[in-house]
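Peer 1: Dropping in coords-v1.cif, which is mmCIF, C-alpha atoms:
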```cif
data_start
#
loop_
_atom_site.group_PDB
_atom_site.id
_atom_site.type_symbol
_atom_site.label_atom_id
_atom_site.label_comp_id
_atom_site.auth_asym_id
_atom_site.auth_seq_id
_atom_site.Cartn_x
_atom_site.Cartn_y
_atom_site.Cartn_z
ATOM 1 C CA MET A 1 -1.131 26.796 7.731
ATOM 2 C CA LYS A 2 -3.946 24.469 8.766
ATOM 3 C CA VAL A 3 -3.911 21.146 6.935
ATOM 4 C CA VAL A 4 -6.904 18.882 7.497
ATOM 5 C CA PHE A 5 -6.184 15.194 6.881
ATOM 6 C CA PHE A 6 -9.439 13.456 5.982
ATOM 7 C CA HIS A 7 -9.383 9.791 6.967
ATOM 8 C CA ARG A 8 -11.932 7.034 6.525
ATOM 9 C CA LYS A 9 -13.504 5.714 9.729
ATOM 10 C CA LYS A 10 -10.851 3.378 11.051
ATOM 11 C CA PRO A 11 -11.423 -0.170 9.731
ATOM 12 C CA PRO A 12 -11.294 -3.159 12.110
ATOM 13 C CA ALA A 13 -8.094 -4.692 10.707
ATOM 14 C CA TYR A 14 -6.134 -2.547 8.239
ATOM 15 C CA PHE A 15 -4.713 0.813 9.278
ATOM 16 C CA SER A 16 -1.953 1.246 6.692
ATOM 17 C CA ILE A 17 -3.184 4.582 5.306
ATOM 18 C CA GLU A 18 -3.715 6.044 8.757
ATOM 19 C CA ARG A 19 -0.329 4.860 10.035
ATOM 20 C CA TYR A 20 1.414 6.222 6.955
ATOM 21 C CA PHE A 21 0.026 9.734 7.303
ATOM 22 C CA GLU A 22 0.522 9.760 11.061
ATOM 23 C CA ASN A 23 4.211 9.266 10.327
ATOM 24 C CA VAL A 24 4.171 12.008 7.659
ATOM 25 C CA ARG A 25 2.530 14.489 10.051
ATOM 26 C CA LYS A 26 5.271 13.967 12.620
ATOM 27 C CA HIS A 27 7.839 15.176 10.085
ATOM 28 C CA LEU A 28 6.056 18.271 8.784
ATOM 29 C CA PRO A 29 7.424 21.715 9.779
ATOM 30 C CA GLN A 30 6.112 23.330 12.965
ATOM 31 C CA SER A 31 4.428 25.973 10.811
ATOM 32 C CA VAL A 32 1.865 23.328 9.798
ATOM 33 C CA THR A 33 -1.105 22.788 12.092
ATOM 34 C CA SER A 34 -2.252 19.260 11.341
ATOM 35 C CA VAL A 35 -5.866 18.301 12.045
ATOM 36 C CA VAL A 36 -7.130 14.725 11.675
ATOM 37 C CA ALA A 37 -10.734 14.519 10.461
ATOM 38 C CA GLU A 38 -11.799 10.894 10.742
ATOM 39 C CA SER A 39 -15.173 10.147 9.165
ATOM 40 C CA SER A 40 -17.982 9.400 11.598
ATOM 41 C CA TRP A 41 -19.324 6.648 9.348
ATOM 42 C CA HIS A 42 -17.855 3.675 7.522
ATOM 43 C CA SER A 43 -17.952 3.887 3.732
ATOM 44 C CA ASN A 44 -20.907 1.530 3.387
ATOM 45 C CA GLY A 45 -24.036 2.334 1.403
ATOM 46 C CA LEU A 46 -25.278 5.497 -0.247
ATOM 47 C CA ILE A 47 -26.665 7.248 2.852
ATOM 48 C CA ASP A 48 -23.498 6.934 4.941
ATOM 49 C CA ARG A 49 -21.353 8.064 2.016
ATOM 50 C CA LEU A 50 -23.514 11.142 1.531
ATOM 51 C CA LYS A 51 -23.072 11.869 5.246
ATOM 52 C CA ILE A 52 -19.278 11.549 4.835
ATOM 53 C CA ILE A 53 -19.350 14.056 1.957
ATOM 54 C CA TRP A 54 -21.466 16.543 3.922
ATOM 55 C CA GLU A 55 -19.395 16.177 7.085
ATOM 56 C CA ALA A 56 -16.171 16.783 5.150
ATOM 57 C CA ARG A 57 -17.598 19.995 3.705
ATOM 58 C CA LYS A 58 -17.934 21.413 7.236
ATOM 59 C CA ARG A 59 -14.389 20.498 8.343
ATOM 60 C CA GLN A 60 -12.242 22.258 5.744
ATOM 61 C CA GLY A 61 -8.907 23.975 6.403
ATOM 62 C CA ASP A 62 -6.362 25.987 4.444
ATOM 63 C CA VAL A 63 -5.493 22.670 2.799
ATOM 64 C CA ASN A 64 -7.843 19.689 2.527
ATOM 65 C CA HIS A 65 -5.984 16.406 2.124
ATOM 66 C CA ILE A 66 -8.090 13.328 1.337
ATOM 67 C CA THR A 67 -5.668 10.603 2.331
ATOM 68 C CA GLY A 68 -7.242 7.697 0.477
ATOM 69 C CA ASP A 69 -10.172 5.294 0.239
ATOM 70 C CA ILE A 70 -12.940 7.918 0.714
ATOM 71 C CA HIS A 71 -12.047 9.736 -2.508
ATOM 72 C CA PHE A 72 -15.661 10.859 -2.967
ATOM 73 C CA ALA A 73 -15.294 13.149 0.076
ATOM 74 C CA THR A 74 -13.769 15.705 -2.324
ATOM 75 C CA LEU A 75 -17.109 16.392 -4.001
ATOM 76 C CA LEU A 76 -18.204 19.338 -1.812
ATOM 77 C CA LEU A 77 -14.761 20.596 -0.823
ATOM 78 C CA SER A 78 -13.100 23.691 -2.238
ATOM 79 C CA LYS A 79 -11.281 22.403 -5.299
ATOM 80 C CA ARG A 80 -8.598 25.087 -4.994
ATOM 81 C CA LYS A 81 -7.646 23.811 -1.527
ATOM 82 C CA THR A 82 -7.904 20.053 -2.067
ATOM 83 C CA ILE A 83 -5.271 17.334 -2.496
ATOM 84 C CA LEU A 84 -6.338 13.740 -3.121
ATOM 85 C CA THR A 85 -4.011 10.797 -2.500
ATOM 86 C CA ILE A 86 -4.803 7.685 -4.535
ATOM 87 C CA HIS A 87 -3.126 4.444 -3.494
ATOM 88 C CA ASP A 88 -4.506 2.364 -6.361
ATOM 89 C CA ILE A 89 -7.492 2.186 -8.713
ATOM 90 C CA GLY A 90 -7.895 -1.573 -8.809
ATOM 91 C CA LEU A 91 -11.656 -1.115 -8.343
ATOM 92 C CA ILE A 92 -11.978 -0.201 -12.045
ATOM 93 C CA LYS A 93 -11.210 -3.858 -12.810
ATOM 94 C CA HIS A 94 -14.448 -5.019 -11.120
ATOM 95 C CA PRO A 95 -15.999 -7.932 -13.081
ATOM 96 C CA SER A 96 -19.346 -6.120 -13.410
ATOM 97 C CA ALA A 97 -19.510 -3.467 -16.153
ATOM 98 C CA MET A 98 -22.124 -1.469 -14.213
ATOM 99 C CA ALA A 99 -20.014 -1.576 -11.029
ATOM 100 C CA ARG A 100 -16.919 -0.484 -12.977
ATOM 101 C CA PHE A 101 -18.812 2.508 -14.351
ATOM 102 C CA ILE A 102 -20.224 3.610 -10.979
ATOM 103 C CA LEU A 103 -17.042 2.979 -8.989
ATOM 104 C CA GLY A 104 -14.875 4.640 -11.620
ATOM 105 C CA LEU A 105 -17.083 7.723 -11.670
ATOM 106 C CA ILE A 106 -17.483 8.163 -7.905
ATOM 107 C CA TRP A 107 -14.050 7.014 -6.699
ATOM 108 C CA VAL A 108 -11.816 8.177 -9.541
ATOM 109 C CA LYS A 109 -13.155 10.522 -12.238
ATOM 110 C CA TRP A 110 -15.221 12.915 -10.124
ATOM 111 C CA PRO A 111 -12.725 13.071 -7.213
ATOM 112 C CA VAL A 112 -9.794 13.722 -9.572
ATOM 113 C CA SER A 113 -11.754 16.491 -11.323
ATOM 114 C CA ARG A 114 -12.631 18.026 -7.925
ATOM 115 C CA SER A 115 -9.011 18.146 -6.684
ATOM 116 C CA ARG A 116 -6.342 20.738 -7.375
ATOM 117 C CA PHE A 117 -3.573 18.176 -7.016
ATOM 118 C CA VAL A 118 -3.599 14.397 -6.995
ATOM 119 C CA THR A 119 -0.782 12.353 -5.492
ATOM 120 C CA ALA A 120 -0.147 8.772 -6.561
ATOM 121 C CA VAL A 121 2.039 6.404 -4.572
ATOM 122 C CA SER A 122 3.809 5.086 -7.688
ATOM 123 C CA GLU A 123 4.406 5.876 -11.345
ATOM 124 C CA ALA A 124 2.326 2.814 -12.206
ATOM 125 C CA THR A 125 -0.640 4.241 -10.295
ATOM 126 C CA LYS A 126 -0.126 7.683 -11.841
ATOM 127 C CA ASN A 127 -0.166 6.190 -15.326
ATOM 128 C CA GLU A 128 -3.404 4.359 -14.559
ATOM 129 C CA ILE A 129 -5.030 7.535 -13.194
ATOM 130 C CA VAL A 130 -4.023 9.638 -16.199
ATOM 131 C CA SER A 131 -5.063 6.951 -18.681
ATOM 132 C CA TYR A 132 -8.424 6.410 -17.016
ATOM 133 C CA THR A 133 -9.413 10.028 -16.304
ATOM 134 C CA LYS A 134 -7.593 11.758 -19.209
ATOM 135 C CA CYS A 135 -6.502 14.462 -16.757
ATOM 136 C CA ASN A 136 -3.411 16.597 -17.286
ATOM 137 C CA PRO A 137 -0.402 14.451 -16.213
ATOM 138 C CA GLU A 138 1.082 17.523 -14.480
ATOM 139 C CA LYS A 139 -1.836 17.453 -12.043
ATOM 140 C CA VAL A 140 -0.716 14.063 -10.685
ATOM 141 C CA HIS A 141 2.411 14.001 -8.498
ATOM 142 C CA VAL A 142 4.147 10.759 -7.540
ATOM 143 C CA ILE A 143 4.939 10.654 -3.815
ATOM 144 C CA HIS A 144 5.999 7.252 -2.575
ATOM 145 C CA THR A 145 4.791 5.713 0.649
ATOM 146 C CA CYS A 146 7.340 6.069 3.448
ATOM 147 C CA ILE A 147 8.653 3.306 5.654
ATOM 148 C CA GLY A 148 7.380 3.186 9.240
ATOM 149 C CA SER A 149 9.834 4.448 11.839
ATOM 150 C CA HIS A 150 9.509 1.206 13.827
ATOM 151 C CA PHE A 151 11.115 -0.799 10.994
ATOM 152 C CA LYS A 152 14.816 -1.350 11.625
ATOM 153 C CA ARG A 153 17.573 -3.573 10.328
ATOM 154 C CA LYS A 154 17.691 -6.936 12.129
ATOM 155 C CA ASP A 155 20.308 -9.339 10.804
ATOM 156 C CA LYS A 156 19.503 -13.056 10.865
ATOM 157 C CA SER A 157 21.137 -16.250 9.620
ATOM 158 C CA PHE A 158 19.167 -17.654 6.693
ATOM 159 C CA ASN A 159 17.540 -21.023 7.373
ATOM 160 C CA LYS A 160 18.162 -23.011 4.191
ATOM 161 C CA GLU A 161 16.782 -26.252 5.594
ATOM 162 C CA ASN A 162 13.321 -24.987 6.566
ATOM 163 C CA PRO A 163 12.932 -21.262 5.825
ATOM 164 C CA VAL A 164 9.992 -19.237 7.142
ATOM 165 C CA VAL A 165 8.145 -17.668 4.227
ATOM 166 C CA LEU A 166 6.120 -14.560 5.105
ATOM 167 C CA GLN A 167 3.032 -13.646 3.083
ATOM 168 C CA ILE A 168 1.122 -10.380 3.659
ATOM 169 C CA GLY A 169 -2.611 -10.109 2.922
ATOM 170 C CA THR A 170 -5.222 -12.551 1.687
ATOM 171 C CA VAL A 171 -7.479 -10.572 -0.677
ATOM 172 C CA ALA A 172 -7.818 -11.569 -4.342
ATOM 173 C CA ASN A 173 -4.902 -9.569 -5.785
ATOM 174 C CA LYS A 174 -2.479 -11.159 -3.298
ATOM 175 C CA ASN A 175 -2.460 -14.264 -5.509
ATOM 176 C CA CYS A 176 -2.565 -16.619 -2.545
ATOM 177 C CA ILE A 177 -3.623 -19.812 -4.295
ATOM 178 C CA ARG A 178 -0.852 -19.669 -6.909
ATOM 179 C CA MET A 179 1.695 -18.916 -4.196
ATOM 180 C CA ALA A 180 0.474 -21.898 -2.180
ATOM 181 C CA GLU A 181 0.876 -24.128 -5.234
ATOM 182 C CA ALA A 182 4.370 -22.727 -5.811
ATOM 183 C CA LEU A 183 5.358 -23.716 -2.262
ATOM 184 C CA ALA A 184 4.123 -27.293 -2.694
ATOM 185 C CA GLY A 185 6.935 -29.755 -2.076
ATOM 186 C CA LEU A 186 9.344 -27.135 -0.761
ATOM 187 C CA PRO A 187 10.564 -27.589 2.831
ATOM 188 C CA CYS A 188 9.372 -24.396 4.494
ATOM 189 C CA LYS A 189 6.856 -22.913 6.890
ATOM 190 C CA LEU A 190 4.392 -20.286 5.659
ATOM 191 C CA HIS A 191 3.368 -17.421 7.934
ATOM 192 C CA ILE A 192 0.253 -15.630 6.676
ATOM 193 C CA ILE A 193 -0.740 -12.183 7.932
ATOM 194 C CA GLY A 194 -4.455 -12.065 7.287
ATOM 195 C CA GLU A 195 -7.469 -14.359 7.403
ATOM 196 C CA PRO A 196 -7.461 -16.979 4.609
ATOM 197 C CA GLY A 197 -10.768 -17.462 2.808
ATOM 198 C CA PRO A 198 -12.305 -20.882 2.081
ATOM 199 C CA ASP A 199 -10.618 -21.282 -1.323
ATOM 200 C CA TYR A 200 -7.223 -20.413 0.095
ATOM 201 C CA LEU A 201 -7.666 -22.794 3.027
ATOM 202 C CA GLU A 202 -8.588 -25.549 0.591
ATOM 203 C CA ALA A 203 -5.455 -24.826 -1.467
ATOM 204 C CA LEU A 204 -3.236 -24.880 1.626
ATOM 205 C CA LYS A 205 -4.667 -28.283 2.514
ATOM 206 C CA LYS A 206 -4.432 -29.600 -1.046
ATOM 207 C CA PHE A 207 -0.770 -28.635 -1.412
ATOM 208 C CA GLN A 208 0.062 -29.782 2.130
ATOM 209 C CA ILE A 209 1.501 -26.453 3.229
ATOM 210 C CA ASN A 210 2.756 -26.108 6.787
ATOM 211 C CA TYR A 211 1.297 -22.741 7.753
ATOM 212 C CA SER A 212 0.265 -20.427 10.594
ATOM 213 C CA THR A 213 -2.041 -17.413 10.387
ATOM 214 C CA PHE A 214 -1.776 -14.105 12.253
ATOM 215 C CA THR A 215 -4.508 -11.464 12.393
ATOM 216 C CA GLN A 216 -5.096 -8.038 13.964
ATOM 217 C CA LEU A 217 -1.419 -7.542 14.718
ATOM 218 C CA SER A 218 0.049 -4.387 16.216
ATOM 219 C CA ASP A 219 2.776 -2.515 14.332
ATOM 220 C CA GLU A 220 5.363 -4.108 16.588
ATOM 221 C CA ALA A 221 3.940 -7.601 16.041
ATOM 222 C CA VAL A 222 4.048 -7.141 12.258
ATOM 223 C CA PHE A 223 7.662 -6.025 12.545
ATOM 224 C CA GLU A 224 8.457 -9.153 14.563
ATOM 225 C CA GLN A 225 6.991 -11.287 11.783
ATOM 226 C CA TYR A 226 9.508 -9.757 9.398
ATOM 227 C CA VAL A 227 12.307 -10.294 11.907
ATOM 228 C CA GLY A 228 11.395 -13.972 12.282
ATOM 229 C CA CYS A 229 11.023 -14.783 8.590
ATOM 230 C CA ASP A 230 13.628 -15.747 5.993
ATOM 231 C CA ILE A 231 11.776 -14.825 2.782
ATOM 232 C CA LEU A 232 9.022 -12.360 1.925
ATOM 233 C CA LEU A 233 6.823 -13.863 -0.802
ATOM 234 C CA PHE A 234 4.808 -11.048 -2.370
ATOM 235 C CA ALA A 235 3.827 -12.231 -5.846
ATOM 236 C CA SER A 236 0.704 -10.065 -6.160
ATOM 237 C CA THR A 237 -1.179 -9.544 -9.408
ATOM 238 C CA LEU A 238 -1.805 -5.840 -8.687
ATOM 239 C CA GLU A 239 -0.364 -3.319 -6.219
ATOM 240 C CA GLY A 240 -0.687 0.448 -6.047
ATOM 241 C CA PHE A 241 2.631 0.477 -4.207
ATOM 242 C CA GLY A 242 3.693 -2.701 -2.407
ATOM 243 C CA MET A 243 4.892 -1.559 1.015
ATOM 244 C CA PRO A 244 5.903 -5.051 2.235
ATOM 245 C CA ILE A 245 8.760 -4.988 -0.286
ATOM 246 C CA VAL A 246 10.301 -1.925 1.382
ATOM 247 C CA GLU A 247 9.598 -3.263 4.870
ATOM 248 C CA ALA A 248 11.436 -6.514 4.108
ATOM 249 C CA ASN A 249 14.292 -4.559 2.481
ATOM 250 C CA THR A 250 14.612 -2.440 5.630
ATOM 251 C CA VAL A 251 14.715 -5.404 8.003
ATOM 252 C CA GLY A 252 17.112 -7.334 5.764
ATOM 253 C CA ARG A 253 14.993 -10.154 4.383
ATOM 254 C CA VAL A 254 15.148 -11.429 0.827
ATOM 255 C CA VAL A 255 12.121 -10.609 -1.346
ATOM 256 C CA VAL A 256 10.387 -12.556 -4.103
ATOM 257 C CA THR A 257 7.862 -10.322 -5.852
ATOM 258 C CA SER A 258 6.094 -9.751 -9.166
ATOM 259 C CA HIS A 259 7.522 -8.265 -12.348
ATOM 260 C CA ILE A 260 4.300 -6.329 -13.068
ATOM 261 C CA SER A 261 2.295 -3.350 -11.753
ATOM 262 C CA SER A 262 4.183 -1.096 -9.312
ATOM 263 C CA MET A 263 6.355 -3.822 -7.820
ATOM 264 C CA PRO A 264 9.425 -3.524 -10.112
ATOM 265 C CA GLU A 265 9.329 0.250 -9.567
ATOM 266 C CA VAL A 266 9.352 -0.196 -5.790
ATOM 267 C CA ALA A 267 11.799 -3.109 -5.648
ATOM 268 C CA LYS A 268 14.275 -1.949 -8.321
ATOM 269 C CA ASP A 269 17.106 -4.544 -8.238
ATOM 270 C CA ALA A 270 16.483 -5.469 -4.587
ATOM 271 C CA ALA A 271 14.147 -8.425 -5.182
ATOM 272 C CA CYS A 272 13.805 -11.582 -7.226
ATOM 273 C CA LEU A 273 11.138 -10.719 -9.812
ATOM 274 C CA VAL A 274 8.756 -13.444 -11.013
ATOM 275 C CA ASP A 275 5.663 -13.838 -13.184
ATOM 276 C CA PRO A 276 2.738 -13.908 -10.709
ATOM 277 C CA PHE A 277 0.506 -15.748 -13.194
ATOM 278 C CA ASP A 278 3.028 -18.577 -13.658
ATOM 279 C CA VAL A 279 3.323 -20.976 -10.723
ATOM 280 C CA GLY A 280 6.554 -22.365 -12.171
ATOM 281 C CA SER A 281 8.113 -18.889 -12.228
ATOM 282 C CA ILE A 282 7.147 -18.250 -8.592
ATOM 283 C CA LYS A 283 8.546 -21.617 -7.517
ATOM 284 C CA ALA A 284 11.785 -21.021 -9.438
ATOM 285 C CA GLY A 285 12.217 -17.649 -7.729
ATOM 286 C CA ILE A 286 11.743 -19.168 -4.291
ATOM 287 C CA ARG A 287 14.160 -21.995 -5.068
ATOM 288 C CA ARG A 288 16.772 -19.553 -6.332
ATOM 289 C CA VAL A 289 16.804 -17.382 -3.210
ATOM 290 C CA ILE A 290 17.024 -20.523 -1.069
ATOM 291 C CA ASP A 291 19.749 -22.290 -3.053
ATOM 292 C CA ASP A 292 21.919 -19.439 -4.379
ATOM 293 C CA ASP A 293 23.653 -17.919 -1.357
ATOM 294 C CA THR A 294 25.538 -15.255 -3.331
ATOM 295 C CA TYR A 295 22.424 -14.074 -5.173
ATOM 296 C CA ARG A 296 20.402 -13.968 -1.958
ATOM 297 C CA GLU A 297 23.000 -11.917 -0.101
ATOM 298 C CA GLN A 298 23.293 -9.498 -3.031
ATOM 299 C CA LEU A 299 19.543 -8.895 -2.915
ATOM 300 C CA ILE A 300 19.633 -8.249 0.828
ATOM 301 C CA VAL A 301 22.472 -5.705 0.487
ATOM 302 C CA LYS A 302 20.658 -3.973 -2.377
ATOM 303 C CA GLY A 303 17.531 -3.994 -0.229
ATOM 304 C CA PHE A 304 19.169 -1.834 2.430
ATOM 305 C CA GLU A 305 20.129 0.663 -0.288
ATOM 306 C CA ASN A 306 16.663 0.581 -1.856
ATOM 307 C CA ALA A 307 14.887 1.263 1.445
ATOM 308 C CA GLN A 308 16.655 4.619 1.749
ATOM 309 C CA ARG A 309 14.503 5.964 -1.114
ATOM 310 C CA PHE A 310 11.450 5.854 1.153
ATOM 311 C CA ASP A 311 12.690 8.046 3.993
ATOM 312 C CA VAL A 312 9.818 9.822 5.726
ATOM 313 C CA SER A 313 11.580 13.194 6.034
ATOM 314 C CA SER A 314 11.952 13.673 2.284
ATOM 315 C CA ILE A 315 8.428 12.417 1.614
ATOM 316 C CA ALA A 316 6.934 14.795 4.211
ATOM 317 C CA HIS A 317 8.896 17.653 2.636
ATOM 318 C CA THR A 318 7.421 16.842 -0.791
ATOM 319 C CA TYR A 319 3.892 17.003 0.635
ATOM 320 C CA TYR A 320 4.762 20.285 2.352
ATOM 321 C CA GLU A 321 5.829 21.822 -0.958
ATOM 322 C CA LEU A 322 2.405 21.000 -2.423
ATOM 323 C CA TYR A 323 0.649 22.442 0.631
ATOM 324 C CA LYS A 324 2.603 25.686 0.190
ATOM 325 C CA LYS A 325 1.506 25.940 -3.445
ATOM 326 C CA ILE A 326 -2.127 25.703 -2.370
ATOM 327 C CA VAL A 327 -1.835 28.288 0.394
ATOM 328 C CA SER A 328 0.162 30.774 -1.670
ATOM 329 C CA ASN A 329 -2.098 30.683 -4.709
#
```
Go ahead and express the file in the form of structure tokens.
Peer 2:
Amino acid sequence: MKVVFFHRKKPPAYFSIERYFENVRKHLPQSVTSVVAESSWHSNGLIDRLKIIWEARKRQGDVNHITGDIHFATLLLSKRKTILTIHDIGLIKHPSAMARFILGLIWVKWPVSRSRFVTAVSEATKNEIVSYTKCNPEKVHVIHTCIGSHFKRKDKSFNKENPVVLQIGTVANKNCIRMAEALAGLPCKLHIIGEPGPDYLEALKKFQINYSTFTQLSDEAVFEQYVGCDILLFASTLEGFGMPIVEANTVGRVVVTSHISSMPEVAKDAACLVDPFDVGSIKAGIRRVIDDDTYREQLIVKGFENAQRFDVSSIAHTYYELYKKIVSN
């Protein structure tokens, strides 16, 4: 069985999709011949996207797996052989009505219609896909993102006097400005993975946050950020999955995250859930995990249990079962 994994051209900073499926491929049966088909062009502009579509057409296998981002690459593939993985459809919330229509058509509706199976990384994402495209719910299979093999448990004494708060990502849905306001007046140090924009930098200055930024980190360096922190603050307004929750659970760090989107599904009872649109709620969650030792330790223990749901072997097996359905029929 030849499975072709279609990847976007590797971006300069974020490789999460590529790293995820690299891990999945390592755990597929030996009967699967995995081929990585990375696009020759970045997904920028009409001409390059048309080239991506045409190139994909010439690289098909027994199974064609579009792994994310370049959903439109399905358009000239054999529908019978194609699986599309969708990590989120936040683009349909674009402020421009015209952009929402075009993006929704090219990145969601057409690709879903041109795929035999669609996999969503969470029930929340599946529900959004089905609601938006009106496709048969049985076409969409929920397969969670797996935890990277380099993430391990690393016990650490919690620093109540000046905890290190880790924040992942700086794009709009990461809710950075509200989180900065929530940290105002709390004795802590903020570690930010990502490049803060002008508005975020202004907020950090306004609220007098003691912070450091880290960019273009290796997998090992990201892991070390988790090891060195005391709290993961991940109060996003929208997440297709929310991998940092599972990563912090695995390492053994307490998590404060949102009570909306996919985050409660991913965290279960292994995180302090807050309202991401309410600065007071975020601050109260942070204060609680700092001040309440028993509650914090309970969350950490539950986190180790929760992380077991995202084992790569079982996730790879679920993908394999879908591949077999395509090849056998």
Peer 1: So which one's closest to Phe214 in chain A, A:Leu77, A:Val140, A:Cys135, A:Leu190? Using all atoms listed in the file, please.
Peer 2: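 Closest to Phe214 in chain A of all the choices is A:Leu190.
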Peer 1: When you count only C-alpha atoms, which of these residues is closest to Tyr295 in chain A: A:Ile143, A:Cys188, A:Ala120, A:Ala271?
Peer 2: A:Ala271
Peer 1: Around the point (6.4, 2.5, 12.9), in the coordinates given by the file, pick out the residues reaching within 9 Å, counting only C-alpha atoms, and return them as a list of chain:residue names.
Peer 2: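 Using only C-alpha atoms, the matching residues come out as A:Arg19, A:Tyr20, A:Asn23, A:Ile147, A:Gly148, A:Ser149, A:His150, A:Phe151, A:Asp219, A:Glu220, A:Phe223.
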Peer 1: Would you mind reading off the distance between CA of His87 in chain A and CA of Val108 in chain A, one decimal, in Å?
Peer 2: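 So the answer is 11.2 Å.
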Peer 1: For the file shown, what are the residues hit by the PyMOL selection byres ((chain A and resi 29-41) around 10), laid out as a PyMOL selection string?
Peer 2: chain A and resi 1-10+18+21-22+25-28+42-44+47-53+55-56+59-66+70+73+316-317+320+323-324
Peer 1: Suppose a student applies the PyMOL selection byres ((chain A and resi 156) around 12) to this structure; what residues should they get, written as a PyMOL selection string?
Peer 2: chain A and resi 153-155+157-159+163-164+226-231+251-254+297+300
Peer 1: Between A:Leu183, A:Val118, A:Leu105, A:Ala99, which residue has the minimum interatomic distance to Gln208 in chain A, considering all atoms listed in the file?
Peer 2: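 Answer, going by the shortest atom-to-atom distance: A:Leu183.
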Peer 1: Of the residues A:Leu204, A:Leu91, A:Ala235, A:Leu166, which is the one nearest to Ala248 in chain A, using all atoms listed in the file?
Peer 2: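 Using all atoms listed in the file, the shortest distance to Ala248 in chain A belongs to A:Leu166.
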Peer 1: Please write the residues picked by the PyMOL selection byres ((chain A and resi 246) around 12) on this file as a PyMOL selection string.
Peer 2: chain A and resi 144-148+151-153+226+232+234+241-245+247-257+263-268+270-271+300+302-311
Peer 1: If you keep C-alpha atoms, can you produce a file of those selected residues as a PDB file, keeping the file's coordinate frame?
Peer 2:
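Everything below was put into out-v8.pdb:
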```pdb
ATOM      1  CA  HIS A 144       5.999   7.252  -2.575  1.00  0.00           C
ATOM      2  CA  THR A 145       4.791   5.713   0.649  1.00  0.00           C
ATOM      3  CA  CYS A 146       7.340   6.069   3.448  1.00  0.00           C
ATOM      4  CA  ILE A 147       8.653   3.306   5.654  1.00  0.00           C
ATOM      5  CA  GLY A 148       7.380   3.186   9.240  1.00  0.00           C
ATOM      6  CA  PHE A 151      11.115  -0.799  10.994  1.00  0.00           C
ATOM      7  CA  LYS A 152      14.816  -1.350  11.625  1.00  0.00           C
ATOM      8  CA  ARG A 153      17.573  -3.573  10.328  1.00  0.00           C
ATOM      9  CA  TYR A 226       9.508  -9.757   9.398  1.00  0.00           C
ATOM     10  CA  LEU A 232       9.022 -12.360   1.925  1.00  0.00           C
ATOM     11  CA  PHE A 234       4.808 -11.048  -2.370  1.00  0.00           C
ATOM     12  CA  PHE A 241       2.631   0.477  -4.207  1.00  0.00           C
ATOM     13  CA  GLY A 242       3.693  -2.701  -2.407  1.00  0.00           C
ATOM     14  CA  MET A 243       4.892  -1.559   1.015  1.00  0.00           C
ATOM     15  CA  PRO A 244       5.903  -5.051   2.235  1.00  0.00           C
ATOM     16  CA  ILE A 245       8.760  -4.988  -0.286  1.00  0.00           C
ATOM     17  CA  GLU A 247       9.598  -3.263   4.870  1.00  0.00           C
ATOM     18  CA  ALA A 248      11.436  -6.514   4.108  1.00  0.00           C
ATOM     19  CA  ASN A 249      14.292  -4.559   2.481  1.00  0.00           C
ATOM     20  CA  THR A 250      14.612  -2.440   5.630  1.00  0.00           C
ATOM     21  CA  VAL A 251      14.715  -5.404   8.003  1.00  0.00           C
ATOM     22  CA  GLY A 252      17.112  -7.334   5.764  1.00  0.00           C
ATOM     23  CA  ARG A 253      14.993 -10.154   4.383  1.00  0.00           C
ATOM     24  CA  VAL A 254      15.148 -11.429   0.827  1.00  0.00           C
ATOM     25  CA  VAL A 255      12.121 -10.609  -1.346  1.00  0.00           C
ATOM     26  CA  VAL A 256      10.387 -12.556  -4.103  1.00  0.00           C
ATOM     27  CA  THR A 257       7.862 -10.322  -5.852  1.00  0.00           C
ATOM     28  CA  MET A 263       6.355  -3.822  -7.820  1.00  0.00           C
ATOM     29  CA  PRO A 264       9.425  -3.524 -10.112  1.00  0.00           C
ATOM     30  CA  GLU A 265       9.329   0.250  -9.567  1.00  0.00           C
ATOM     31  CA  VAL A 266       9.352  -0.196  -5.790  1.00  0.00           C
ATOM     32  CA  ALA A 267      11.799  -3.109  -5.648  1.00  0.00           C
ATOM     33  CA  LYS A 268      14.275  -1.949  -8.321  1.00  0.00           C
ATOM     34  CA  ALA A 270      16.483  -5.469  -4.587  1.00  0.00           C
ATOM     35  CA  ALA A 271      14.147  -8.425  -5.182  1.00  0.00           C
ATOM     36  CA  ILE A 300      19.633  -8.249   0.828  1.00  0.00           C
ATOM     37  CA  LYS A 302      20.658  -3.973  -2.377  1.00  0.00           C
ATOM     38  CA  GLY A 303      17.531  -3.994  -0.229  1.00  0.00           C
ATOM     39  CA  PHE A 304      19.169  -1.834   2.430  1.00  0.00           C
ATOM     40  CA  GLU A 305      20.129   0.663  -0.288  1.00  0.00           C
ATOM     41  CA  ASN A 306      16.663   0.581  -1.856  1.00  0.00           C
ATOM     42  CA  ALA A 307      14.887   1.263   1.445  1.00  0.00           C
ATOM     43  CA  GLN A 308      16.655   4.619   1.749  1.00  0.00           C
ATOM     44  CA  ARG A 309      14.503   5.964  -1.114  1.00  0.00           C
ATOM     45  CA  PHE A 310      11.450   5.854   1.153  1.00  0.00           C
ATOM     46  CA  ASP A 311      12.690   8.046   3.993  1.00  0.00           C
TER      47      ASP A 311
END
```
Peer 1: Find the distance between CA of Ser212 in chain A and CA of Pro196 in chain A and write it in Å to one decimal.
Peer 2: 10.4 Å
Peer 1: Rounded to one decimal in Å, what is the spacing between CA of Ser78 in chain A and CA of Lys58 in chain A?
Peer 2: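 Answer for the CA of Ser78 in chain A to CA of Lys58 in chain A separation: 10.9 Å.
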Peer 1: Go through A:Leu46, A:Ile315, A:Phe117, A:Ser261 one by one, measure the shortest atom-to-atom distance of each to Lys81 in chain A using only C-alpha atoms, and give the residue with the smallest value.
Peer 2: A:Phe117
